[in-house]
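Next up, model07.tsv (TSV, C-alpha atoms):
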```tsv
chain	number	residue	atom	x	y	z
A	1	MET	CA	-7.37	22.90	12.11
A	2	SER	CA	-3.87	24.00	11.27
A	3	GLU	CA	-2.82	20.75	9.56
A	4	PRO	CA	-3.41	20.63	5.82
A	5	ASP	CA	-6.73	18.96	5.17
A	6	VAL	CA	-5.82	16.34	2.56
A	7	PHE	CA	-9.01	14.35	3.05
A	8	GLY	CA	-11.16	17.45	2.71
A	9	ALA	CA	-9.34	18.40	-0.46
A	10	LEU	CA	-9.89	14.93	-1.93
A	11	ALA	CA	-13.56	14.78	-0.94
A	12	ASN	CA	-14.56	16.98	-3.89
A	13	PRO	CA	-14.98	15.38	-7.37
A	14	THR	CA	-13.77	18.48	-9.25
A	15	ARG	CA	-10.58	18.60	-7.22
A	16	ARG	CA	-10.00	14.89	-7.80
A	17	ALA	CA	-10.50	15.48	-11.52
A	18	VAL	CA	-7.91	18.28	-11.40
A	19	LEU	CA	-5.40	15.95	-9.72
A	20	ARG	CA	-6.08	13.27	-12.30
A	21	LEU	CA	-5.47	15.77	-15.13
A	22	LEU	CA	-2.19	16.87	-13.55
A	23	LEU	CA	-1.19	13.24	-13.11
A	24	ASP	CA	-2.05	12.31	-16.70
A	25	GLU	CA	-0.90	15.44	-18.51
A	26	GLY	CA	1.69	16.96	-16.21
A	27	GLU	CA	2.27	20.59	-15.36
A	28	GLN	CA	-0.09	23.04	-17.03
A	29	PRO	CA	-1.54	26.55	-16.80
A	30	VAL	CA	-4.86	27.16	-15.10
A	31	GLN	CA	-6.52	28.03	-18.42
A	32	ARG	CA	-5.79	24.59	-19.86
A	33	LEU	CA	-7.25	23.00	-16.73
A	34	ALA	CA	-10.27	25.28	-16.98
A	35	ASP	CA	-11.02	23.98	-20.49
A	36	HIS	CA	-12.01	20.67	-18.91
A	37	PHE	CA	-14.63	22.10	-16.60
A	38	ALA	CA	-17.96	23.82	-17.10
A	39	MET	CA	-17.33	26.44	-14.46
A	40	ARG	CA	-16.09	29.96	-14.23
A	41	ARG	CA	-12.38	30.32	-13.84
A	42	PRO	CA	-12.58	31.92	-10.35
A	43	SER	CA	-14.37	28.77	-9.12
A	44	LEU	CA	-11.59	26.60	-10.47
A	45	SER	CA	-9.02	28.91	-8.90
A	46	GLU	CA	-10.73	28.38	-5.55
A	47	HIS	CA	-10.43	24.59	-5.98
A	48	LEU	CA	-6.76	25.00	-6.87
A	49	ARG	CA	-6.24	27.09	-3.76
A	50	VAL	CA	-7.72	24.30	-1.59
A	51	LEU	CA	-5.44	21.76	-3.29
A	52	LYS	CA	-2.48	24.06	-2.76
A	53	ASP	CA	-3.32	24.56	0.92
A	54	ALA	CA	-3.49	20.78	1.30
A	55	GLY	CA	-0.02	20.51	-0.24
A	56	LEU	CA	-1.34	18.48	-3.18
A	57	VAL	CA	-0.41	20.92	-5.94
A	58	VAL	CA	2.29	23.53	-6.36
A	59	GLU	CA	2.22	26.56	-8.63
A	60	ARG	CA	5.01	28.53	-10.20
A	61	PRO	CA	4.97	31.63	-12.37
A	62	ALA	CA	6.02	31.28	-16.01
A	63	GLY	CA	5.85	34.56	-17.86
A	64	ARG	CA	2.31	35.85	-17.43
A	65	GLN	CA	0.92	32.44	-16.57
A	66	ARG	CA	0.87	30.33	-13.45
A	67	LEU	CA	1.71	26.69	-13.98
A	68	TYR	CA	0.25	24.02	-11.71
A	69	SER	CA	1.71	20.60	-11.00
A	70	LEU	CA	0.97	17.67	-8.77
A	71	ARG	CA	2.66	17.11	-5.44
A	72	PRO	CA	1.71	13.57	-4.45
A	73	GLU	CA	3.54	13.30	-1.11
A	74	PRO	CA	0.50	13.99	1.14
A	75	LEU	CA	-1.28	11.08	-0.53
A	76	ARG	CA	1.03	8.66	1.24
A	77	GLU	CA	-0.80	9.52	4.45
A	78	VAL	CA	-4.11	8.78	2.74
A	79	ALA	CA	-2.80	5.52	1.32
A	80	ASP	CA	-1.53	4.46	4.75
A	81	TRP	CA	-4.90	5.20	6.25
A	82	LEU	CA	-6.73	3.30	3.52
A	83	ASP	CA	-4.46	0.31	3.57
A	84	PRO	CA	-3.12	-0.33	7.07
A	85	TYR	CA	-2.18	-3.85	5.98
A	86	GLU	CA	-0.20	-2.59	3.04
A	87	ARG	CA	1.73	-0.39	5.44
A	88	PHE	CA	2.14	-3.34	7.84
A	89	TRP	CA	3.55	-5.62	5.15
A	90	ARG	CA	5.86	-2.98	3.71
A	91	ALA	CA	7.34	-2.46	7.17
A	92	ARG	CA	7.71	-6.22	7.68
A	93	LEU	CA	9.39	-6.65	4.28
A	94	THR	CA	11.88	-3.96	5.23
A	95	ALA	CA	12.58	-5.89	8.44
A	96	LEU	CA	13.01	-9.06	6.37
A	97	ARG	CA	15.61	-7.31	4.23
A	98	ASP	CA	17.55	-6.45	7.39
A	99	VAL	CA	17.37	-10.04	8.70
A	100	LEU	CA	18.67	-11.31	5.35
A	101	GLU	CA	21.68	-9.01	5.62
A	102	ASP	CA	22.89	-11.18	8.52
A	103	LEU	CA	22.32	-14.49	6.72
A	104	PRO	CA	24.97	-16.20	4.60
A	105	ASP	CA	23.76	-17.00	1.08
A	106	GLU	CA	23.84	-20.69	0.30
B	1	MET	CA	-3.87	-4.75	-8.36
B	2	SER	CA	-7.13	-2.88	-8.11
B	3	ASP	CA	-9.00	-5.67	-6.29
B	4	PRO	CA	-10.21	-4.04	-3.06
B	5	SER	CA	-10.21	-7.42	-1.29
B	6	THR	CA	-6.45	-7.97	-1.78
B	7	VAL	CA	-3.34	-6.19	-0.52
B	8	SER	CA	-0.35	-6.76	-2.81
B	9	VAL	CA	3.21	-5.75	-2.02
B	10	ASP	CA	6.48	-6.82	-3.58
B	11	GLN	CA	10.10	-6.30	-2.68
B	12	TYR	CA	13.42	-7.01	-4.39
B	13	LEU	CA	15.87	-8.75	-2.06
B	14	PRO	CA	19.56	-9.09	-3.04
B	15	HIS	CA	19.71	-12.77	-2.02
B	16	PRO	CA	18.93	-15.99	-3.88
B	17	PRO	CA	15.48	-17.57	-3.43
B	18	THR	CA	16.90	-20.35	-1.21
B	19	THR	CA	18.10	-17.78	1.35
B	20	VAL	CA	14.82	-15.86	1.22
B	21	TRP	CA	12.97	-19.16	1.61
B	22	ARG	CA	14.91	-19.87	4.81
B	23	ALA	CA	13.89	-16.50	6.27
B	24	LEU	CA	10.26	-17.32	5.41
B	25	THR	CA	10.18	-20.86	6.77
B	26	ASP	CA	12.57	-20.98	9.74
B	27	SER	CA	10.47	-20.22	12.83
B	28	ASP	CA	13.22	-18.25	14.60
B	29	LEU	CA	14.13	-16.20	11.53
B	30	LEU	CA	10.45	-15.58	10.81
B	31	GLY	CA	10.05	-14.33	14.37
B	32	ARG	CA	12.81	-11.82	13.84
B	33	TRP	CA	11.11	-9.94	11.00
B	34	LEU	CA	7.43	-10.82	11.34
B	35	MET	CA	6.16	-12.03	14.71
B	36	PRO	CA	6.89	-14.74	17.30
B	37	ASN	CA	5.37	-17.98	16.04
B	38	ASP	CA	5.35	-21.77	16.13
B	39	PHE	CA	5.52	-22.20	12.37
B	40	ALA	CA	6.72	-25.46	10.84
B	41	PRO	CA	7.12	-26.01	7.09
B	42	VAL	CA	4.50	-28.74	6.81
B	43	VAL	CA	1.26	-28.49	4.84
B	44	GLY	CA	-1.67	-28.65	7.25
B	45	HIS	CA	0.42	-27.46	10.22
B	46	ARG	CA	-1.58	-25.07	12.38
B	47	PHE	CA	0.36	-22.28	14.05
B	48	THR	CA	-0.05	-18.83	15.55
B	49	PHE	CA	1.61	-15.44	15.39
B	50	ARG	CA	1.50	-13.40	18.58
B	51	THR	CA	1.41	-9.62	18.72
B	52	ASP	CA	-0.31	-6.82	20.62
B	53	PRO	CA	-4.10	-6.99	20.96
B	54	ARG	CA	-6.18	-4.30	19.26
B	55	PRO	CA	-9.49	-4.30	21.12
B	56	GLY	CA	-10.97	-1.67	18.79
B	57	GLN	CA	-10.67	-4.15	15.93
B	58	GLU	CA	-11.85	-7.11	18.01
B	59	PHE	CA	-8.35	-8.55	17.71
B	60	ASP	CA	-6.92	-10.36	20.77
B	61	GLY	CA	-3.32	-10.40	19.51
B	62	THR	CA	-3.25	-13.95	18.16
B	63	VAL	CA	-3.26	-14.68	14.44
B	64	HIS	CA	-4.40	-18.25	13.79
B	65	CYS	CA	-2.69	-19.69	10.75
B	66	GLU	CA	-2.45	-22.90	8.79
B	67	VAL	CA	0.06	-23.90	6.12
B	68	LEU	CA	-2.02	-24.33	2.96
B	69	ASP	CA	0.70	-24.68	0.32
B	70	LEU	CA	4.43	-25.22	0.38
B	71	ASP	CA	6.57	-25.43	-2.77
B	72	PRO	CA	10.21	-24.64	-1.86
B	73	PRO	CA	11.66	-22.24	-2.80
B	74	ARG	CA	8.81	-20.82	-4.88
B	75	LEU	CA	5.51	-20.60	-3.06
B	76	LEU	CA	4.21	-20.49	0.48
B	77	ARG	CA	0.58	-19.96	1.45
B	78	TRP	CA	-0.98	-19.51	4.89
B	79	ALA	CA	-4.51	-19.12	6.15
B	80	TRP	CA	-4.47	-15.95	8.30
B	81	ARG	CA	-7.34	-15.56	10.76
B	82	GLY	CA	-7.71	-13.13	13.63
B	83	GLY	CA	-10.21	-10.54	14.81
B	84	ARG	CA	-12.65	-9.99	11.96
B	85	LEU	CA	-10.18	-11.29	9.38
B	86	ASP	CA	-10.46	-14.60	7.59
B	87	THR	CA	-7.81	-14.20	4.93
B	88	VAL	CA	-5.05	-15.95	2.97
B	89	VAL	CA	-1.41	-14.84	2.72
B	90	THR	CA	0.55	-16.01	-0.32
B	91	TRP	CA	4.31	-15.58	-0.74
B	92	THR	CA	5.77	-16.03	-4.22
B	93	LEU	CA	9.54	-16.03	-4.84
B	94	VAL	CA	10.85	-15.27	-8.32
B	95	ALA	CA	14.57	-15.24	-9.13
B	96	GLU	CA	15.53	-11.81	-10.50
B	97	GLY	CA	19.13	-11.19	-11.48
B	98	LYS	CA	21.29	-12.18	-8.54
B	99	GLY	CA	18.43	-11.80	-6.13
B	100	THR	CA	14.77	-12.53	-5.56
B	101	ARG	CA	11.58	-10.62	-6.17
B	102	LEU	CA	9.30	-11.49	-3.28
B	103	PHE	CA	5.58	-11.01	-3.91
B	104	LEU	CA	3.06	-10.88	-1.09
B	105	ASP	CA	-0.66	-11.18	-1.71
B	106	HIS	CA	-2.92	-10.88	1.30
B	107	ALA	CA	-6.37	-11.81	0.02
B	108	GLY	CA	-9.86	-12.06	1.42
B	109	PHE	CA	-10.47	-8.64	2.96
B	110	ASP	CA	-14.10	-7.69	3.12
B	111	PRO	CA	-14.76	-4.81	0.71
B	112	ASP	CA	-18.05	-4.21	2.55
B	113	ASP	CA	-16.27	-3.51	5.82
B	114	PRO	CA	-17.80	-0.21	7.05
B	115	VAL	CA	-14.46	1.63	7.29
B	116	GLN	CA	-13.43	0.67	3.75
B	117	GLN	CA	-16.94	1.41	2.50
B	118	ARG	CA	-16.90	4.91	3.92
B	119	THR	CA	-13.53	5.60	2.39
B	120	ARG	CA	-14.71	4.46	-1.03
B	121	ASP	CA	-17.75	6.69	-0.77
B	122	LEU	CA	-15.51	9.58	0.15
B	123	LEU	CA	-13.14	9.14	-2.73
B	124	GLY	CA	-15.64	7.78	-5.22
B	125	GLY	CA	-15.47	5.37	-8.13
B	126	GLY	CA	-12.16	3.99	-9.24
B	127	TRP	CA	-10.22	6.74	-7.57
B	128	ARG	CA	-8.82	4.65	-4.80
B	129	SER	CA	-7.94	1.58	-6.82
B	130	HIS	CA	-6.52	3.29	-9.90
B	131	VAL	CA	-5.46	6.87	-9.41
B	132	LEU	CA	-4.34	6.69	-5.81
B	133	ARG	CA	-2.36	3.54	-6.44
B	134	ARG	CA	-0.59	5.09	-9.42
B	135	LEU	CA	0.15	8.17	-7.37
B	136	THR	CA	1.61	6.24	-4.50
B	137	GLU	CA	3.62	4.13	-6.93
B	138	THR	CA	5.29	7.30	-8.16
B	139	LEU	CA	6.44	7.84	-4.58
B	140	THR	CA	7.94	4.41	-4.13
B	141	SER	CA	11.59	4.57	-4.94
B	142	PRO	CA	12.50	1.99	-7.60
B	143	THR	CA	14.33	-1.07	-6.36
B	144	PRO	CA	17.42	-2.28	-8.22
```

Go ahead and render the structure in this file as C-alpha coordinates.
Amino acid sequence: MSEPDVFGALANPTRRAVLRLLLDEGEQPVQRLADHFAMRRPSLSEHLRVLKDAGLVVERPAGRQRLYSLRPEPLREVADWLDPYERFWRARLTALRDVLEDLPDE
Amino acid sequence: MSDPSTVSVDQYLPHPPTTVWRALTDSDLLGRWLMPNDFAPVVGHRFTFRTDPRPGQEFDGTVHCEVLDLDPPRLLRWAWRGGRLDTVVTWTLVAEGKGTRLFLDHAGFDPDDPVQQRTRDLLGGGWRSHVLRRLTETLTSPTP
(Lines of atoms letter the chains of each structure in order from A and count residues from 1; the text may use other names and numbers.)
(Lines give C-alpha, C1' and ligand atoms only; values in the text may rest on other atoms or scores of the structure.)
Protein backbone atom coordinates (compact mmCIF):
# COMPACT_ATOMS: atom_id res chain seq x y z
CA MET A 1 0.00 0.00 0.00
CA SER A 2 1.52 3.28 -1.07
CA GLU A 3 -0.78 5.50 1.01
CA PRO A 4 0.48 6.33 4.49
CA ASP A 5 -1.00 3.87 6.93
CA VAL A 6 -2.39 6.16 9.63
CA PHE A 7 -4.60 3.47 11.16
CA GLY A 8 -1.72 1.02 11.33
CA ALA A 9 0.45 3.63 12.99
CA LEU A 10 -2.24 4.35 15.59
CA ALA A 11 -2.95 0.68 16.29
CA ASN A 12 0.14 0.39 18.51
CA PRO A 13 -0.05 1.58 22.16
CA THR A 14 3.58 2.74 22.28
CA ARG A 15 3.10 4.90 19.20
CA ARG A 16 -0.08 6.37 20.66
CA ALA A 17 1.84 7.14 23.85
CA VAL A 18 4.52 8.90 21.79
CA LEU A 19 1.87 11.04 20.07
CA ARG A 20 0.33 11.88 23.43
CA LEU A 21 3.73 12.96 24.78
CA LEU A 22 4.34 15.16 21.75
CA LEU A 23 0.87 16.64 22.13
CA ASP A 24 1.32 17.33 25.85
CA GLU A 25 4.95 18.41 25.92
CA GLY A 26 5.63 19.64 22.40
CA GLU A 27 8.71 19.14 20.27
CA GLN A 28 11.47 17.09 21.86
CA PRO A 29 14.55 14.99 21.13
CA VAL A 30 14.29 11.23 20.83
CA GLN A 31 16.25 10.73 24.07
CA ARG A 32 13.66 12.61 26.11
CA LEU A 33 10.93 10.47 24.55
CA ALA A 34 12.96 7.35 25.26
CA ASP A 35 13.05 8.19 28.98
CA HIS A 36 9.33 7.39 29.11
CA PHE A 37 9.64 3.88 27.74
CA ALA A 38 11.25 0.68 28.97
CA MET A 39 12.71 -0.22 25.61
CA ARG A 40 15.95 0.12 23.77
CA ARG A 41 16.34 3.30 21.81
CA PRO A 42 16.49 1.53 18.40
CA SER A 43 13.02 0.09 19.09
CA LEU A 44 11.67 3.55 19.81
CA SER A 45 13.36 4.85 16.67
CA GLU A 46 11.52 2.20 14.69
CA HIS A 47 8.19 3.39 16.15
CA LEU A 48 9.11 6.97 15.28
CA ARG A 49 9.89 5.91 11.74
CA VAL A 50 6.42 4.33 11.39
CA LEU A 51 4.84 7.53 12.73
CA LYS A 52 6.92 9.58 10.33
CA ASP A 53 5.96 7.39 7.37
CA ALA A 54 2.31 7.86 8.33
CA GLY A 55 2.83 11.62 8.32
CA LEU A 56 1.98 11.88 12.03
CA VAL A 57 5.33 13.24 13.21
CA VAL A 58 8.05 15.32 11.63
CA GLU A 59 11.70 15.47 12.61
CA ARG A 60 14.26 18.19 12.18
CA PRO A 61 17.94 18.32 13.05
CA ALA A 62 19.04 20.65 15.85
CA GLY A 63 22.77 20.51 16.44
CA ARG A 64 23.61 16.86 17.10
CA GLN A 65 20.05 15.97 18.03
CA ARG A 66 16.93 15.23 16.06
CA LEU A 67 13.80 16.91 17.35
CA TYR A 68 10.40 15.30 16.87
CA SER A 69 7.05 17.06 16.77
CA LEU A 70 3.46 16.16 16.11
CA ARG A 71 1.78 16.62 12.76
CA PRO A 72 -1.92 16.10 13.44
CA GLU A 73 -3.32 16.62 9.93
CA PRO A 74 -3.69 12.91 9.03
CA LEU A 75 -5.86 12.46 12.12
CA ARG A 76 -8.63 14.42 10.45
CA GLU A 77 -9.15 11.42 8.18
CA VAL A 78 -9.37 9.17 11.22
CA ALA A 79 -11.78 11.52 12.95
CA ASP A 80 -13.98 11.66 9.85
CA TRP A 81 -14.04 7.90 9.71
CA LEU A 82 -14.87 7.59 13.40
CA ASP A 83 -17.53 10.25 13.39
CA PRO A 84 -19.37 10.33 10.06
CA TYR A 85 -22.16 12.29 11.74
CA GLU A 86 -19.78 14.89 13.04
CA ARG A 87 -18.55 15.35 9.49
CA PHE A 88 -22.16 15.45 8.23
CA TRP A 89 -23.18 18.16 10.69
CA ARG A 90 -20.07 20.26 10.12
CA ALA A 91 -20.80 20.25 6.40
CA ARG A 92 -24.46 21.15 7.02
CA LEU A 93 -23.48 24.00 9.37
CA THR A 94 -21.21 25.39 6.68
CA ALA A 95 -24.17 25.26 4.28
CA LEU A 96 -26.30 27.02 6.90
CA ARG A 97 -23.74 29.82 7.10
CA ASP A 98 -24.02 30.28 3.33
CA VAL A 99 -27.84 30.35 3.45
CA LEU A 100 -27.69 33.00 6.18
CA GLU A 101 -25.50 35.19 3.98
CA ASP A 102 -28.53 35.69 1.72
CA LEU A 103 -30.95 36.47 4.55
CA PRO A 104 -31.59 39.99 5.84
CA ASP A 105 -31.07 40.31 9.59
CA GLU A 106 -34.19 41.41 11.41
CA MET B 1 -17.70 16.08 24.97
CA SER B 2 -16.24 12.65 25.49
CA ASP B 3 -19.61 10.85 25.59
CA PRO B 4 -19.39 8.26 22.80
CA SER B 5 -23.18 8.30 22.38
CA THR B 6 -23.30 12.01 21.45
CA VAL B 7 -21.95 14.03 18.53
CA SER B 8 -21.46 17.70 19.45
CA VAL B 9 -20.63 20.45 16.99
CA ASP B 10 -20.85 24.21 17.34
CA GLN B 11 -20.51 27.08 14.92
CA TYR B 12 -20.34 30.86 15.26
CA LEU B 13 -22.69 32.60 12.83
CA PRO B 14 -22.44 36.38 12.27
CA HIS B 15 -26.21 36.89 12.53
CA PRO B 16 -28.54 37.49 15.47
CA PRO B 17 -30.36 34.51 17.01
CA THR B 18 -33.69 35.56 15.43
CA THR B 19 -32.20 35.21 11.92
CA VAL B 20 -30.56 31.89 12.75
CA TRP B 21 -33.86 30.72 14.24
CA ARG B 22 -35.61 31.48 10.94
CA ALA B 23 -33.10 29.35 9.02
CA LEU B 24 -33.73 26.52 11.50
CA THR B 25 -37.53 26.66 11.52
CA ASP B 26 -38.62 27.80 8.04
CA SER B 27 -39.19 24.62 6.02
CA ASP B 28 -37.89 26.09 2.74
CA LEU B 29 -34.78 27.61 4.33
CA LEU B 30 -34.14 24.39 6.25
CA GLY B 31 -34.35 22.50 2.97
CA ARG B 32 -31.67 24.71 1.49
CA TRP B 33 -28.96 23.81 4.00
CA LEU B 34 -30.10 20.51 5.50
CA MET B 35 -32.56 18.37 3.52
CA PRO B 36 -35.99 18.65 1.89
CA ASN B 37 -38.60 18.36 4.63
CA ASP B 38 -42.15 19.07 5.78
CA PHE B 39 -41.12 20.66 9.06
CA ALA B 40 -43.50 22.96 10.93
CA PRO B 41 -42.57 24.79 14.15
CA VAL B 42 -45.14 23.05 16.34
CA VAL B 43 -44.34 20.75 19.26
CA GLY B 44 -45.56 17.25 18.45
CA HIS B 45 -45.46 17.84 14.68
CA ARG B 46 -44.16 14.76 12.88
CA PHE B 47 -42.11 15.38 9.76
CA THR B 48 -39.50 13.77 7.53
CA PHE B 49 -36.21 14.67 5.90
CA ARG B 50 -35.53 13.01 2.57
CA THR B 51 -32.09 12.12 1.26
CA ASP B 52 -30.31 9.31 -0.57
CA PRO B 53 -30.80 5.77 0.75
CA ARG B 54 -27.79 3.95 2.18
CA PRO B 55 -28.66 0.26 1.94
CA GLY B 56 -25.43 -0.78 3.68
CA GLN B 57 -26.64 1.03 6.80
CA GLU B 58 -30.23 -0.21 6.47
CA PHE B 59 -31.25 3.38 5.75
CA ASP B 60 -34.00 3.95 3.15
CA GLY B 61 -33.36 7.69 2.76
CA THR B 62 -36.14 8.95 5.03
CA VAL B 63 -35.42 10.42 8.45
CA HIS B 64 -38.54 10.33 10.63
CA CYS B 65 -38.64 13.27 12.99
CA GLU B 66 -40.86 14.83 15.60
CA VAL B 67 -40.65 18.28 17.18
CA LEU B 68 -39.97 17.60 20.87
CA ASP B 69 -39.15 21.11 22.12
CA LEU B 70 -39.47 24.60 20.73
CA ASP B 71 -38.36 27.72 22.61
CA PRO B 72 -37.78 30.55 20.09
CA PRO B 73 -35.12 31.73 19.53
CA ARG B 74 -33.19 29.60 22.01
CA LEU B 75 -33.85 25.89 21.74
CA LEU B 76 -35.15 23.41 19.20
CA ARG B 77 -35.22 19.65 19.69
CA TRP B 78 -36.17 16.90 17.24
CA ALA B 79 -36.48 13.15 17.48
CA TRP B 80 -34.35 11.78 14.60
CA ARG B 81 -35.08 8.20 13.54
CA GLY B 82 -33.93 6.35 10.46
CA GLY B 83 -32.11 3.13 9.64
CA ARG B 84 -30.66 1.81 12.88
CA LEU B 85 -30.76 5.25 14.50
CA ASP B 86 -33.17 6.30 17.22
CA THR B 87 -31.66 9.60 18.27
CA VAL B 88 -32.39 13.17 19.39
CA VAL B 89 -31.06 16.35 17.76
CA THR B 90 -30.90 19.47 19.93
CA TRP B 91 -30.13 22.96 18.62
CA THR B 92 -29.17 25.64 21.15
CA LEU B 93 -28.73 29.29 20.14
CA VAL B 94 -26.64 31.59 22.33
CA ALA B 95 -26.12 35.26 21.49
CA GLU B 96 -22.38 35.94 21.17
CA GLY B 97 -21.23 39.45 20.33
CA LYS B 98 -23.14 40.56 17.26
CA GLY B 99 -23.84 37.01 16.24
CA THR B 100 -24.94 33.62 17.48
CA ARG B 101 -23.12 30.55 18.69
CA LEU B 102 -25.13 27.61 17.44
CA PHE B 103 -24.65 24.34 19.33
CA LEU B 104 -25.73 21.01 17.91
CA ASP B 105 -25.97 17.90 20.06
CA HIS B 106 -26.95 14.70 18.31
CA ALA B 107 -27.52 12.20 21.11
CA GLY B 108 -28.47 8.57 21.42
CA PHE B 109 -25.92 6.78 19.25
CA ASP B 110 -25.29 3.22 20.29
CA PRO B 111 -21.76 2.91 21.68
CA ASP B 112 -22.08 -0.87 21.27
CA ASP B 113 -22.56 -0.57 17.52
CA PRO B 114 -20.05 -3.06 16.03
CA VAL B 115 -18.26 -0.47 13.87
CA GLN B 116 -17.76 1.93 16.78
CA GLN B 117 -16.79 -0.97 19.04
CA ARG B 118 -14.08 -2.14 16.69
CA THR B 119 -12.69 1.34 16.40
CA ARG B 120 -12.53 1.73 20.16
CA ASP B 121 -10.73 -1.59 20.46
CA LEU B 122 -8.27 -0.46 17.83
CA LEU B 123 -7.47 2.84 19.47
CA GLY B 124 -7.93 1.73 23.05
CA GLY B 125 -9.06 3.40 26.25
CA GLY B 126 -9.74 7.10 26.28
CA TRP B 127 -7.72 7.72 23.18
CA ARG B 128 -10.61 8.41 20.92
CA SER B 129 -12.64 10.55 23.28
CA HIS B 130 -9.83 12.62 24.77
CA VAL B 131 -6.65 12.69 22.76
CA LEU B 132 -8.10 12.45 19.29
CA ARG B 133 -10.67 15.11 20.04
CA ARG B 134 -8.02 17.48 21.36
CA LEU B 135 -5.90 16.81 18.32
CA THR B 136 -8.69 17.49 15.89
CA GLU B 137 -9.61 20.62 17.83
CA THR B 138 -6.13 21.95 17.18
CA LEU B 139 -6.92 21.60 13.48
CA THR B 140 -10.17 23.50 13.59
CA SER B 141 -9.53 27.08 12.74
CA PRO B 142 -10.85 29.39 15.47
CA THR B 143 -14.05 31.21 14.65
CA PRO B 144 -14.31 34.94 15.37

Next item on the list: Could you tell me which of A:Glu59, A:Ala54, A:Leu21, A:Arg66 comes closest to chain B if we count only C-alpha atoms?
Entry: A:Leu21

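As for CA of Val9 in chain B and CA of Leu93 in chain A, they are spaced 8.9 Å apart.
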
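Residues within 12 Å of Gly26 in chain A, counting all atoms listed in the file and excluding same-chain residues fewer than 4 positions away, are Val18, Leu19, Arg20, Leu21, Leu22, Arg32, Leu33, Val57, Val58, Leu67, Tyr68, Ser69, Leu70 and Arg71 of chain A.
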
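Here CA of Ala17 in chain A is placed at a distance of 16.6 Å from CA of Pro42 in chain A.
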
For a quick test of understanding: name the residues of chain A lying within 9 Å of chain B when counting all atoms listed in the file, and present them as a PDB file with C-alpha atoms, keeping the file's coordinate frame.
```pdb
ATOM      1  CA  PHE A   7      -9.010  14.350   3.050  1.00  0.00           C
ATOM      2  CA  LEU A  10      -9.890  14.930  -1.930  1.00  0.00           C
ATOM      3  CA  ALA A  11     -13.560  14.780  -0.940  1.00  0.00           C
ATOM      4  CA  ASN A  12     -14.560  16.980  -3.890  1.00  0.00           C
ATOM      5  CA  PRO A  13     -14.980  15.380  -7.370  1.00  0.00           C
ATOM      6  CA  ARG A  16     -10.000  14.890  -7.800  1.00  0.00           C
ATOM      7  CA  ARG A  20      -6.080  13.270 -12.300  1.00  0.00           C
ATOM      8  CA  LEU A  23      -1.190  13.240 -13.110  1.00  0.00           C
ATOM      9  CA  PRO A  72       1.710  13.570  -4.450  1.00  0.00           C
ATOM     10  CA  GLU A  73       3.540  13.300  -1.110  1.00  0.00           C
ATOM     11  CA  LEU A  75      -1.280  11.080  -0.530  1.00  0.00           C
ATOM     12  CA  ARG A  76       1.030   8.660   1.240  1.00  0.00           C
ATOM     13  CA  VAL A  78      -4.110   8.780   2.740  1.00  0.00           C
ATOM     14  CA  ALA A  79      -2.800   5.520   1.320  1.00  0.00           C
ATOM     15  CA  LEU A  82      -6.730   3.300   3.520  1.00  0.00           C
ATOM     16  CA  ASP A  83      -4.460   0.310   3.570  1.00  0.00           C
ATOM     17  CA  TYR A  85      -2.180  -3.850   5.980  1.00  0.00           C
ATOM     18  CA  GLU A  86      -0.200  -2.590   3.040  1.00  0.00           C
ATOM     19  CA  TRP A  89       3.550  -5.620   5.150  1.00  0.00           C
ATOM     20  CA  ARG A  90       5.860  -2.980   3.710  1.00  0.00           C
ATOM     21  CA  ARG A  92       7.710  -6.220   7.680  1.00  0.00           C
ATOM     22  CA  LEU A  93       9.390  -6.650   4.280  1.00  0.00           C
ATOM     23  CA  THR A  94      11.880  -3.960   5.230  1.00  0.00           C
ATOM     24  CA  ALA A  95      12.580  -5.890   8.440  1.00  0.00           C
ATOM     25  CA  LEU A  96      13.010  -9.060   6.370  1.00  0.00           C
ATOM     26  CA  ARG A  97      15.610  -7.310   4.230  1.00  0.00           C
ATOM     27  CA  ASP A  98      17.550  -6.450   7.390  1.00  0.00           C
ATOM     28  CA  VAL A  99      17.370 -10.040   8.700  1.00  0.00           C
ATOM     29  CA  LEU A 100      18.670 -11.310   5.350  1.00  0.00           C
ATOM     30  CA  GLU A 101      21.680  -9.010   5.620  1.00  0.00           C
ATOM     31  CA  LEU A 103      22.320 -14.490   6.720  1.00  0.00           C
ATOM     32  CA  PRO A 104      24.970 -16.200   4.600  1.00  0.00           C
ATOM     33  CA  ASP A 105      23.760 -17.000   1.080  1.00  0.00           C
ATOM     34  CA  GLU A 106      23.840 -20.690   0.300  1.00  0.00           C
TER      35      GLU A 106
END
```

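Excluding Asp52 in chain B itself and same-chain residues fewer than 3 positions from it, the residues having an atom within 12 Å of it are Met35, Pro36, Phe49, Pro55, Gly56, Gln57, Glu58, Phe59, Asp60, Gly61, Thr62, Val63 and Gly82 of chain B, counting only C-alpha atoms.
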
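You will find CA of Ala9 in chain A at 26.8 Å from CA of Asp110 in chain B.
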
Next item on the list: Show me as an NGL selection string the residues that reach within 6 Å of (9.8, -18.5, 11.8), counting all atoms listed in the file and using the file's own coordinates.
Entry: :B and (25-31 or 39)

Please, could you write that set of residues out with C-alpha atoms as a CSV table (one decimal), in the coordinates of the input?
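Okay, again_13.csv is ready:
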```csv
chain,number,residue,atom,x,y,z
B,25,THR,CA,10.2,-20.9,6.8
B,26,ASP,CA,12.6,-21.0,9.7
B,27,SER,CA,10.5,-20.2,12.8
B,28,ASP,CA,13.2,-18.2,14.6
B,29,LEU,CA,14.1,-16.2,11.5
B,30,LEU,CA,10.4,-15.6,10.8
B,31,GLY,CA,10.0,-14.3,14.4
B,39,PHE,CA,5.5,-22.2,12.4
```

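Compared by their closest atoms to His64 in chain B, and using all atoms listed in the file, the residues B:Gly108, B:Thr48, B:Ala40, B:Thr92 rank with B:Thr48 nearest.
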
Note to self: I'd like the contact shell of Leu68 in chain B - 9 Å cut-off, only C-alpha atoms, skipping same-chain residues fewer than 4 positions apart - returned as a list in words.
What the structure shows: Val42, Val43, Gly44, His45, Leu76, Arg77, Trp78, Ala79 and Val88 of chain B
